[in-house]
>>> print(open('run.csv').read())   # CSV, C-alpha atoms
chain,number,residue,atom,x,y,z
N,1,MET,CA,-92.2,-51.1,86.9
N,2,VAL,CA,-93.6,-50.2,90.3
N,3,ALA,CA,-96.5,-47.7,90.4
N,4,ALA,CA,-98.0,-46.0,93.4
N,5,HIS,CA,-101.8,-46.3,93.4
N,6,ARG,CA,-103.2,-42.9,94.2
N,7,GLY,CA,-99.8,-42.1,95.7
N,8,TYR,CA,-98.6,-44.0,98.8
N,9,LYS,CA,-102.2,-44.9,99.6
N,10,ALA,CA,-101.5,-47.4,102.3
N,11,ALA,CA,-99.8,-44.9,104.6
N,12,TYR,CA,-101.2,-41.5,103.6
N,13,PRO,CA,-104.5,-40.0,102.4
N,14,GLU,CA,-105.0,-41.0,98.8
N,15,ASN,CA,-104.6,-38.6,95.9
N,16,THR,CA,-103.1,-35.9,98.1
N,17,LEU,CA,-99.8,-34.1,97.4
N,18,LEU,CA,-98.4,-35.6,100.6
N,19,ALA,CA,-99.3,-39.2,99.4
N,20,PHE,CA,-97.7,-38.5,96.0
N,21,ARG,CA,-94.6,-36.9,97.5
N,22,LYS,CA,-94.1,-39.8,99.9
N,23,ALA,CA,-94.4,-42.2,97.0
N,24,LEU,CA,-91.8,-40.3,95.0
N,25,GLU,CA,-89.5,-40.3,98.0
N,26,LEU,CA,-89.7,-44.1,98.0
N,27,GLY,CA,-88.5,-44.2,94.5
N,28,VAL,CA,-91.5,-45.5,92.6
N,29,ASP,CA,-91.3,-45.7,88.8
N,30,MET,CA,-94.8,-44.4,88.2
N,31,LEU,CA,-97.6,-42.4,89.9
N,32,GLU,CA,-101.2,-43.5,89.3
N,33,PHE,CA,-103.9,-40.9,90.0
N,34,ASP,CA,-107.5,-40.0,89.2
N,35,LEU,CA,-108.8,-36.9,87.5
N,36,ARG,CA,-112.2,-35.2,87.5
N,37,LEU,CA,-113.6,-31.8,86.7
N,38,SER,CA,-114.9,-29.2,89.0
N,39,GLN,CA,-118.1,-27.3,88.2
N,40,ASP,CA,-116.0,-24.4,86.8
N,41,GLY,CA,-113.9,-26.7,84.6
N,42,GLU,CA,-110.8,-27.2,86.7
N,43,VAL,CA,-109.1,-30.5,86.6
N,44,VAL,CA,-108.8,-31.9,90.2
N,45,VAL,CA,-107.2,-35.1,91.6
N,46,ILE,CA,-109.8,-37.2,93.3
N,47,HIS,CA,-111.1,-40.8,92.9
N,48,ASP,CA,-114.7,-40.8,93.8
N,49,ALA,CA,-117.5,-39.1,92.0
N,50,THR,CA,-118.8,-37.9,95.4
N,51,LEU,CA,-117.0,-36.2,98.2
N,52,GLU,CA,-118.1,-38.1,101.3
N,53,ARG,CA,-115.5,-40.9,101.5
N,54,THR,CA,-112.3,-38.9,101.3
N,55,THR,CA,-113.2,-35.3,102.3
N,56,SER,CA,-115.3,-33.3,104.7
N,57,GLY,CA,-117.7,-32.4,101.9
N,58,SER,CA,-120.8,-34.0,100.4
N,59,GLY,CA,-122.3,-34.3,97.0
N,60,GLU,CA,-120.8,-34.7,93.6
N,61,VAL,CA,-117.3,-33.3,92.8
N,62,ARG,CA,-118.6,-31.9,89.5
N,63,ASN,CA,-121.3,-29.8,91.3
N,64,HIS,CA,-118.7,-27.8,93.3
N,65,THR,CA,-116.4,-25.0,92.1
N,66,LEU,CA,-112.7,-25.3,92.7
N,67,GLY,CA,-113.0,-22.6,95.4
N,68,GLU,CA,-115.5,-24.7,97.2
N,69,LEU,CA,-113.5,-27.9,96.8
N,70,LYS,CA,-110.4,-26.1,98.2
N,71,THR,CA,-112.3,-25.4,101.5
N,72,LEU,CA,-112.6,-29.1,102.2
N,73,ASP,CA,-110.4,-31.2,104.4
N,74,ALA,CA,-109.0,-34.2,102.4
N,75,GLY,CA,-106.9,-35.8,105.1
N,76,GLY,CA,-108.7,-36.0,108.4
N,77,TRP,CA,-110.8,-39.0,107.2
N,78,PHE,CA,-107.6,-41.0,107.1
N,79,ALA,CA,-106.1,-39.9,110.5
N,80,ALA,CA,-106.3,-36.8,112.6
N,81,GLU,CA,-102.6,-35.9,111.9
N,82,PHE,CA,-103.5,-35.3,108.3
N,83,GLU,CA,-106.3,-32.8,108.8
N,84,GLY,CA,-105.9,-29.8,106.6
N,85,LEU,CA,-104.7,-31.6,103.5
N,86,LYS,CA,-106.5,-30.4,100.4
N,87,ILE,CA,-107.8,-31.8,97.1
N,88,PRO,CA,-105.0,-31.0,94.6
N,89,THR,CA,-105.5,-29.5,91.2
N,90,PHE,CA,-103.8,-31.4,88.4
N,91,ALA,CA,-101.5,-28.4,87.8
N,92,GLU,CA,-100.3,-28.6,91.4
N,93,LEU,CA,-99.4,-32.3,90.9
N,94,CYS,CA,-97.6,-31.4,87.7
N,95,GLU,CA,-95.6,-28.9,89.7
N,96,LEU,CA,-94.6,-31.5,92.2
N,97,LEU,CA,-93.4,-33.8,89.3
N,98,LYS,CA,-91.0,-31.2,88.0
N,99,ALA,CA,-88.4,-32.5,90.5
N,100,TYR,CA,-88.9,-36.1,89.3
N,101,PRO,CA,-88.4,-36.0,85.5
N,102,ASP,CA,-87.9,-39.8,85.2
N,103,VAL,CA,-91.1,-40.8,87.0
N,104,LEU,CA,-93.9,-42.0,84.7
N,105,CYS,CA,-97.6,-41.1,85.1
N,106,ASN,CA,-100.7,-43.3,84.8
N,107,VAL,CA,-103.4,-40.7,84.2
N,108,GLU,CA,-106.8,-42.2,85.0
N,109,ILE,CA,-109.8,-40.3,83.6
N,110,LYS,CA,-112.8,-41.3,85.7
N,111,PRO,CA,-116.0,-42.3,83.9
N,112,SER,CA,-118.4,-39.4,84.0
N,113,PRO,CA,-120.6,-37.3,81.7
N,114,ASP,CA,-117.7,-34.9,81.2
N,115,ALA,CA,-114.9,-37.5,80.9
N,116,ARG,CA,-113.9,-36.5,77.4
N,117,GLU,CA,-113.6,-32.8,78.4
N,118,THR,CA,-111.6,-33.9,81.4
N,119,ALA,CA,-109.2,-35.8,79.1
N,120,ASP,CA,-108.9,-32.8,76.7
N,121,LEU,CA,-108.1,-30.4,79.5
N,122,ALA,CA,-105.7,-32.8,81.2
N,123,ILE,CA,-103.8,-33.4,78.0
N,124,ALA,CA,-103.6,-29.7,77.4
N,125,ILE,CA,-102.0,-29.3,80.8
N,126,LEU,CA,-99.6,-32.1,80.2
N,127,LYS,CA,-98.6,-30.5,76.9
N,128,ARG,CA,-97.8,-27.3,78.6
N,129,TYR,CA,-95.5,-29.1,81.1
N,130,GLU,CA,-94.1,-31.3,78.2
N,131,TYR,CA,-95.0,-34.4,80.2
N,132,LEU,CA,-97.0,-36.3,77.5
N,133,PRO,CA,-94.1,-38.7,76.6
N,134,ARG,CA,-94.1,-40.0,80.2
N,135,CYS,CA,-97.8,-40.7,80.4
N,136,VAL,CA,-100.2,-43.5,79.9
N,137,PHE,CA,-104.0,-42.8,80.0
N,138,THR,CA,-106.4,-45.1,81.8
N,139,CYS,CA,-110.2,-45.3,81.9
N,140,PHE,CA,-112.7,-48.0,82.7
N,141,ASP,CA,-115.0,-46.6,80.0
N,142,ALA,CA,-113.8,-48.0,76.7
N,143,GLU,CA,-115.4,-45.2,74.7
N,144,VAL,CA,-113.3,-42.6,76.6
N,145,LEU,CA,-110.2,-44.8,76.1
N,146,THR,CA,-110.8,-45.1,72.4
N,147,TYR,CA,-111.4,-41.3,72.2
N,148,ILE,CA,-108.0,-40.6,73.7
N,149,TYR,CA,-106.3,-43.1,71.5
N,150,ASP,CA,-108.0,-42.1,68.3
N,151,THR,CA,-107.9,-38.3,68.9
N,152,TYR,CA,-104.4,-37.9,70.3
N,153,GLY,CA,-102.5,-41.2,69.5
N,154,LEU,CA,-101.5,-41.5,73.1
N,155,LYS,CA,-100.6,-44.7,75.1
N,156,THR,CA,-103.5,-46.1,77.0
N,157,GLN,CA,-104.1,-48.8,79.7
N,158,GLY,CA,-107.3,-50.6,79.7
N,159,PHE,CA,-108.7,-53.7,81.5
N,160,PRO,CA,-110.2,-57.0,80.6
N,161,GLY,CA,-113.4,-56.5,78.6
N,162,GLU,CA,-115.6,-57.8,81.4
N,163,LYS,CA,-114.3,-54.9,83.6
N,164,MET,CA,-115.0,-52.1,81.2
N,165,SER,CA,-118.1,-50.3,80.1
N,166,ASN,CA,-118.8,-49.8,76.4
N,167,PHE,CA,-116.2,-52.4,75.5
N,168,ARG,CA,-116.0,-53.5,71.8
N,169,SER,CA,-114.6,-56.8,70.7
N,170,GLY,CA,-113.1,-57.6,67.4
N,171,ASP,CA,-109.9,-56.8,65.5
N,172,ASN,CA,-110.5,-53.1,65.7
N,173,GLY,CA,-112.1,-53.1,69.1
N,174,THR,CA,-111.1,-51.9,72.4
N,175,TYR,CA,-108.0,-54.1,72.9
N,176,SER,CA,-106.6,-52.7,69.7
N,177,LYS,CA,-106.6,-49.2,71.3
N,178,MET,CA,-104.6,-50.4,74.4
N,179,TRP,CA,-100.9,-50.3,75.0
N,180,ALA,CA,-101.1,-52.0,78.4
N,181,ILE,CA,-103.8,-53.8,80.4
N,182,GLY,CA,-104.3,-53.9,84.1
N,183,ILE,CA,-105.4,-57.2,85.8
N,184,GLU,CA,-106.6,-57.3,89.4
N,185,MET,CA,-105.0,-59.9,91.6
N,186,SER,CA,-108.1,-62.2,91.8
N,187,TRP,CA,-108.0,-62.5,88.0
N,188,LEU,CA,-104.3,-62.9,87.6
N,189,THR,CA,-103.0,-66.1,86.1
N,190,PRO,CA,-100.0,-67.1,83.9
N,191,GLU,CA,-102.5,-68.0,81.2
N,192,SER,CA,-104.2,-64.6,81.2
N,193,VAL,CA,-100.8,-62.8,81.1
N,194,ASP,CA,-99.7,-65.0,78.2
N,195,ARG,CA,-103.0,-64.3,76.3
N,196,TYR,CA,-102.7,-60.5,76.6
N,197,GLN,CA,-99.0,-60.5,75.9
N,198,ASP,CA,-99.7,-62.5,72.7
N,199,GLN,CA,-101.9,-59.6,71.7
N,200,GLY,CA,-99.0,-57.2,72.0
N,201,LEU,CA,-100.1,-55.7,75.3
N,202,LEU,CA,-98.0,-54.9,78.4
N,203,VAL,CA,-99.6,-56.6,81.4
N,204,TRP,CA,-99.6,-55.0,84.8
N,205,SER,CA,-101.2,-56.3,88.0
N,206,TYR,CA,-103.1,-54.4,90.7
N,207,CYS,CA,-102.8,-54.3,93.7
N,208,PRO,CA,-100.1,-56.7,95.0
N,209,ASP,CA,-99.5,-55.1,98.4
N,210,GLN,CA,-97.8,-58.0,100.2
N,211,GLU,CA,-94.7,-60.0,99.4
N,212,ASP,CA,-96.7,-63.1,98.3
N,213,GLY,CA,-98.7,-61.0,95.8
N,214,VAL,CA,-95.6,-59.4,94.4
N,215,VAL,CA,-94.0,-62.8,93.9
N,216,ARG,CA,-97.1,-64.2,92.3
N,217,SER,CA,-97.3,-61.2,89.9
N,218,LEU,CA,-93.7,-61.7,88.9
N,219,GLU,CA,-94.1,-65.5,88.5
N,220,CYS,CA,-97.1,-64.8,86.2
N,221,GLY,CA,-94.9,-62.6,84.0
N,222,VAL,CA,-96.3,-59.1,84.5
N,223,THR,CA,-94.0,-56.2,83.7
N,224,GLY,CA,-95.6,-53.7,86.0
N,225,MET,CA,-97.4,-53.6,89.4
N,226,THR,CA,-99.7,-50.9,90.7
N,227,CYS,CA,-99.6,-50.9,94.5
N,228,ASN,CA,-101.3,-49.3,97.4
N,229,ASP,CA,-98.2,-50.1,99.4
N,230,PRO,CA,-95.2,-50.0,97.0
N,231,LEU,CA,-92.6,-51.2,99.6
N,232,PRO,CA,-92.8,-55.0,99.1
N,233,ALA,CA,-92.7,-54.6,95.3
N,234,LEU,CA,-89.8,-52.1,95.4
N,235,ALA,CA,-87.8,-54.3,97.8
N,236,LEU,CA,-88.2,-57.5,95.7
N,237,CYS,CA,-87.7,-55.8,92.3
N,238,ARG,CA,-84.6,-54.1,93.5
N,239,GLY,CA,-83.1,-57.2,95.1
N,240,GLU,CA,-83.5,-55.6,98.5
N,241,LYS,CA,-85.5,-58.4,100.1
N,242,ASP,CA,-83.3,-58.7,103.1
N,243,SER,CA,-83.7,-55.0,104.0
N,244,PHE,CA,-87.5,-55.3,103.6
N,245,ILE,CA,-87.7,-58.4,105.9
>>> encode(input="run.csv", output="structure tokens")
Amino acid sequence: MVAAHRGYKAAYPENTLLAFRKALELGVDMLEFDLRLSQDGEVVVIHDATLERTTSGSGEVRNHTLGELKTLDAGGWFAAEFEGLKIPTFAELCELLKAYPDVLCNVEIKPSPDARETADLAIAILKRYEYLPRCVFTCFDAEVLTYIYDTYGLKTQGFPGEKMSNFRSGDNGTYSKMWAIGIEMSWLTPESVDRYQDQGLLVWSYCPDQEDGVVRSLECGVTGMTCNDPLPALALCRGEKDSFI
């Protein structure tokens, strides 16, 4: 399974409809994206809690209305040719996905004071679109992950306990709430993959963006890769190595 991290992030401004469309055109199996709430309770697609890195705005996302967020440029920071791109609403992304019914979604709820509300609203939107069966929900806050699992019974992806806040160990702890686990490349070993698979978890790596990282991920036994640049993973996994080289 090859997932596009924030869309085709290596070549286009992350978490924009353009980045997602370009990833879908490549033929990725899954889109990974990040959700936050605007001040007026709209679910928007953006990674950072603040606006400075990926938009022309400043301050916290949650302190701006959707109307204010939509006035910002979300592409020019990446390259001048992308000026004018906007922060998408989650509903806009769901509309884009209508044409790709087989593509899966990794819905990351960003840790924040309103993360549970973000999850509730996002799940309500996904219900309306009938997309829930194609989704897995991710959060670095174990309490939010547990909330999604316990309240809705949905599939979740977490991380090693050392990477999560509010992590709980034990038989009924955070790992028991996970369907899959993401391991960053610097932590990836065959032993770690075996350990988590023995717990019944799917193991995915992030972010193998060059051929050697893809090969190492596959040799370690992962069944999914979340990539900033999906091309090497797509080429190798589809047996198209010659066309990639």
>>> atom_distance(input="run.csv", atom1="atom CA of N:Gly75", atom2="atom CA of N:Leu51")
12.2 Å
>>> closest_residue(input="run.csv", among="N:Leu85, N:Leu188, N:Leu202, N:Cys220", to="N:Thr54", atoms="all atoms listed in the file")
N:Leu85
>>> closest_residue(input="run.csv", among="N:Leu69, N:Val103, N:Ala11, N:Met178", to="N:Gly200", atoms="only C-alpha atoms")
N:Met178
>>> atom_distance(input="run.csv", atom1="atom CA of N:Met164", atom2="atom CA of N:Glu108")
13.4 Å
>>> residues_near_point(input="run.csv", point="(-107.7, -31.5, 73.7)", cutoff="12 Å", atoms="all atoms listed in the file", output="PyMOL selection string")
chain N and resi 115-128+147-154
>>> closest_residue(input="run.csv", among="N:Gly173, N:Gly41, N:Pro133, N:Pro230", to="N:Phe90", atoms="all atoms listed in the file")
N:Gly41
>>> atom_distance(input="run.csv", atom1="atom CA of N:His47", atom2="atom CA of N:Trp204")
20.0 Å
>>> closest_residue(input="run.csv", among="N:Tyr8, N:Phe20, N:Tyr196, N:Tyr206", to="N:Pro88", atoms="all atoms listed in the file")
N:Phe20
>>> residues_around(input="run.csv", residues="N:Gly27", least_positions_apart="5", cutoff="12 Å", atoms="all atoms listed in the file", output="ChimeraX atom specification")
/N:1-4,7-8,20-22,100,102-104,230-231,233-235,237-238
>>> write_last_selection(input="run.csv", atoms="C-alpha atoms", output="short mmCIF file (atom, residue, chain, number, x, y, z; two decimals), in the frame of the given file")
data_model
loop_
_atom_site.label_atom_id
_atom_site.label_comp_id
_atom_site.auth_asym_id
_atom_site.auth_seq_id
_atom_site.Cartn_x
_atom_site.Cartn_y
_atom_site.Cartn_z
CA MET N 1 -92.20 -51.10 86.90
CA VAL N 2 -93.60 -50.20 90.30
CA ALA N 3 -96.50 -47.70 90.40
CA ALA N 4 -98.00 -46.00 93.40
CA GLY N 7 -99.80 -42.10 95.70
CA TYR N 8 -98.60 -44.00 98.80
CA PHE N 20 -97.70 -38.50 96.00
CA ARG N 21 -94.60 -36.90 97.50
CA LYS N 22 -94.10 -39.80 99.90
CA TYR N 100 -88.90 -36.10 89.30
CA ASP N 102 -87.90 -39.80 85.20
CA VAL N 103 -91.10 -40.80 87.00
CA LEU N 104 -93.90 -42.00 84.70
CA PRO N 230 -95.20 -50.00 97.00
CA LEU N 231 -92.60 -51.20 99.60
CA ALA N 233 -92.70 -54.60 95.30
CA LEU N 234 -89.80 -52.10 95.40
CA ALA N 235 -87.80 -54.30 97.80
CA CYS N 237 -87.70 -55.80 92.30
CA ARG N 238 -84.60 -54.10 93.50
#
>>> residues_around(input="run.csv", residues="N:Val107", least_positions_apart="5", cutoff="10 Å", atoms="only C-alpha atoms", output="number ranges by chain")
N: 31-35, 119, 122-123, 135-139, 156-157
>>> residues_around(input="run.csv", residues="N:Ser205", least_positions_apart="4", cutoff="6 Å", atoms="all atoms listed in the file", output="NGL selection string")
:N and (182-184 or 225)
>>> decode(input="run.csv", residues="stretch 215-227 of chain N", atoms="all heavy atoms", output="mmCIF file, in the first residue's frame")
data_model
loop_
_atom_site.group_PDB
_atom_site.id
_atom_site.type_symbol
_atom_site.label_atom_id
_atom_site.label_comp_id
_atom_site.auth_asym_id
_atom_site.auth_seq_id
_atom_site.Cartn_x
_atom_site.Cartn_y
_atom_site.Cartn_z
ATOM 1 N N VAL N 215 13.207 -0.056 -0.618
ATOM 2 C CA VAL N 215 13.727 -1.421 -0.540
ATOM 3 C C VAL N 215 13.877 -1.852 0.918
ATOM 4 O O VAL N 215 13.496 -2.967 1.298
ATOM 5 C CB VAL N 215 15.066 -1.539 -1.288
ATOM 6 C CG1 VAL N 215 15.721 -2.885 -1.017
ATOM 7 C CG2 VAL N 215 14.859 -1.342 -2.782
ATOM 8 N N ARG N 216 14.428 -0.962 1.742
ATOM 9 C CA ARG N 216 14.604 -1.307 3.154
ATOM 10 C C ARG N 216 13.261 -1.536 3.835
ATOM 11 O O ARG N 216 13.108 -2.455 4.656
ATOM 12 C CB ARG N 216 15.383 -0.207 3.880
ATOM 13 C CG ARG N 216 15.687 -0.554 5.344
ATOM 14 C CD ARG N 216 16.864 0.238 5.862
ATOM 15 N NE ARG N 216 16.542 1.646 6.033
ATOM 16 C CZ ARG N 216 16.022 2.157 7.158
ATOM 17 N NH1 ARG N 216 15.757 1.360 8.181
ATOM 18 N NH2 ARG N 216 15.780 3.435 7.257
ATOM 19 N N SER N 217 12.272 -0.711 3.528
ATOM 20 C CA SER N 217 10.943 -0.896 4.105
ATOM 21 C C SER N 217 10.380 -2.259 3.755
ATOM 22 O O SER N 217 9.856 -2.981 4.623
ATOM 23 C CB SER N 217 9.992 0.200 3.615
ATOM 24 O OG SER N 217 10.356 1.472 4.092
ATOM 25 N N LEU N 218 10.493 -2.631 2.477
ATOM 26 C CA LEU N 218 9.965 -3.918 2.047
ATOM 27 C C LEU N 218 10.737 -5.073 2.666
ATOM 28 O O LEU N 218 10.142 -6.088 3.067
ATOM 29 C CB LEU N 218 10.003 -4.003 0.522
ATOM 30 C CG LEU N 218 9.119 -2.987 -0.219
ATOM 31 C CD1 LEU N 218 9.358 -3.064 -1.720
ATOM 32 C CD2 LEU N 218 7.652 -3.218 0.106
ATOM 33 N N GLU N 219 12.055 -4.929 2.764
ATOM 34 C CA GLU N 219 12.858 -5.988 3.379
ATOM 35 C C GLU N 219 12.541 -6.151 4.861
ATOM 36 O O GLU N 219 12.637 -7.256 5.404
ATOM 37 C CB GLU N 219 14.339 -5.691 3.181
ATOM 38 C CG GLU N 219 14.807 -5.877 1.736
ATOM 39 C CD GLU N 219 16.265 -5.493 1.529
ATOM 40 O OE1 GLU N 219 16.840 -4.833 2.423
ATOM 41 O OE2 GLU N 219 16.823 -5.866 0.470
ATOM 42 N N CYS N 220 12.158 -5.068 5.517
ATOM 43 C CA CYS N 220 11.778 -5.153 6.936
ATOM 44 C C CYS N 220 10.398 -5.767 7.124
ATOM 45 O O CYS N 220 10.050 -6.168 8.238
ATOM 46 C CB CYS N 220 11.811 -3.766 7.571
ATOM 47 S SG CYS N 220 13.477 -3.116 7.894
ATOM 48 N N GLY N 221 9.600 -5.815 6.054
ATOM 49 C CA GLY N 221 8.312 -6.498 6.125
ATOM 50 C C GLY N 221 7.102 -5.605 6.279
ATOM 51 O O GLY N 221 6.017 -6.101 6.611
ATOM 52 N N VAL N 222 7.244 -4.298 6.024
ATOM 53 C CA VAL N 222 6.068 -3.433 6.137
ATOM 54 C C VAL N 222 5.074 -3.769 5.038
ATOM 55 O O VAL N 222 5.431 -4.302 3.985
ATOM 56 C CB VAL N 222 6.445 -1.934 6.071
ATOM 57 C CG1 VAL N 222 7.523 -1.595 7.087
ATOM 58 C CG2 VAL N 222 6.884 -1.530 4.666
ATOM 59 N N THR N 223 3.811 -3.429 5.286
ATOM 60 C CA THR N 223 2.769 -3.641 4.277
ATOM 61 C C THR N 223 2.222 -2.325 3.744
ATOM 62 O O THR N 223 1.290 -2.328 2.942
ATOM 63 C CB THR N 223 1.619 -4.480 4.857
ATOM 64 O OG1 THR N 223 1.124 -3.845 6.032
ATOM 65 C CG2 THR N 223 2.087 -5.880 5.187
ATOM 66 N N GLY N 224 2.793 -1.213 4.185
ATOM 67 C CA GLY N 224 2.386 0.087 3.686
ATOM 68 C C GLY N 224 3.514 1.087 3.847
ATOM 69 O O GLY N 224 4.344 0.973 4.753
ATOM 70 N N MET N 225 3.536 2.076 2.948
ATOM 71 C CA MET N 225 4.546 3.135 2.999
ATOM 72 C C MET N 225 3.853 4.474 2.749
ATOM 73 O O MET N 225 3.108 4.607 1.773
ATOM 74 C CB MET N 225 5.637 2.900 1.946
ATOM 75 C CG MET N 225 6.500 1.690 2.226
ATOM 76 S SD MET N 225 7.645 1.319 0.854
ATOM 77 C CE MET N 225 6.514 0.512 -0.287
ATOM 78 N N THR N 226 4.120 5.442 3.600
ATOM 79 C CA THR N 226 3.582 6.788 3.447
ATOM 80 C C THR N 226 4.717 7.684 2.981
ATOM 81 O O THR N 226 5.707 7.857 3.691
ATOM 82 C CB THR N 226 2.995 7.297 4.772
ATOM 83 O OG1 THR N 226 1.984 6.381 5.223
ATOM 84 C CG2 THR N 226 2.379 8.678 4.608
ATOM 85 N N CYS N 227 4.571 8.252 1.776
ATOM 86 C CA CYS N 227 5.705 8.867 1.089
ATOM 87 C C CYS N 227 5.424 10.318 0.715
ATOM 88 O O CYS N 227 4.335 10.641 0.230
ATOM 89 C CB CYS N 227 6.015 8.099 -0.192
ATOM 90 S SG CYS N 227 6.223 6.315 0.031
#
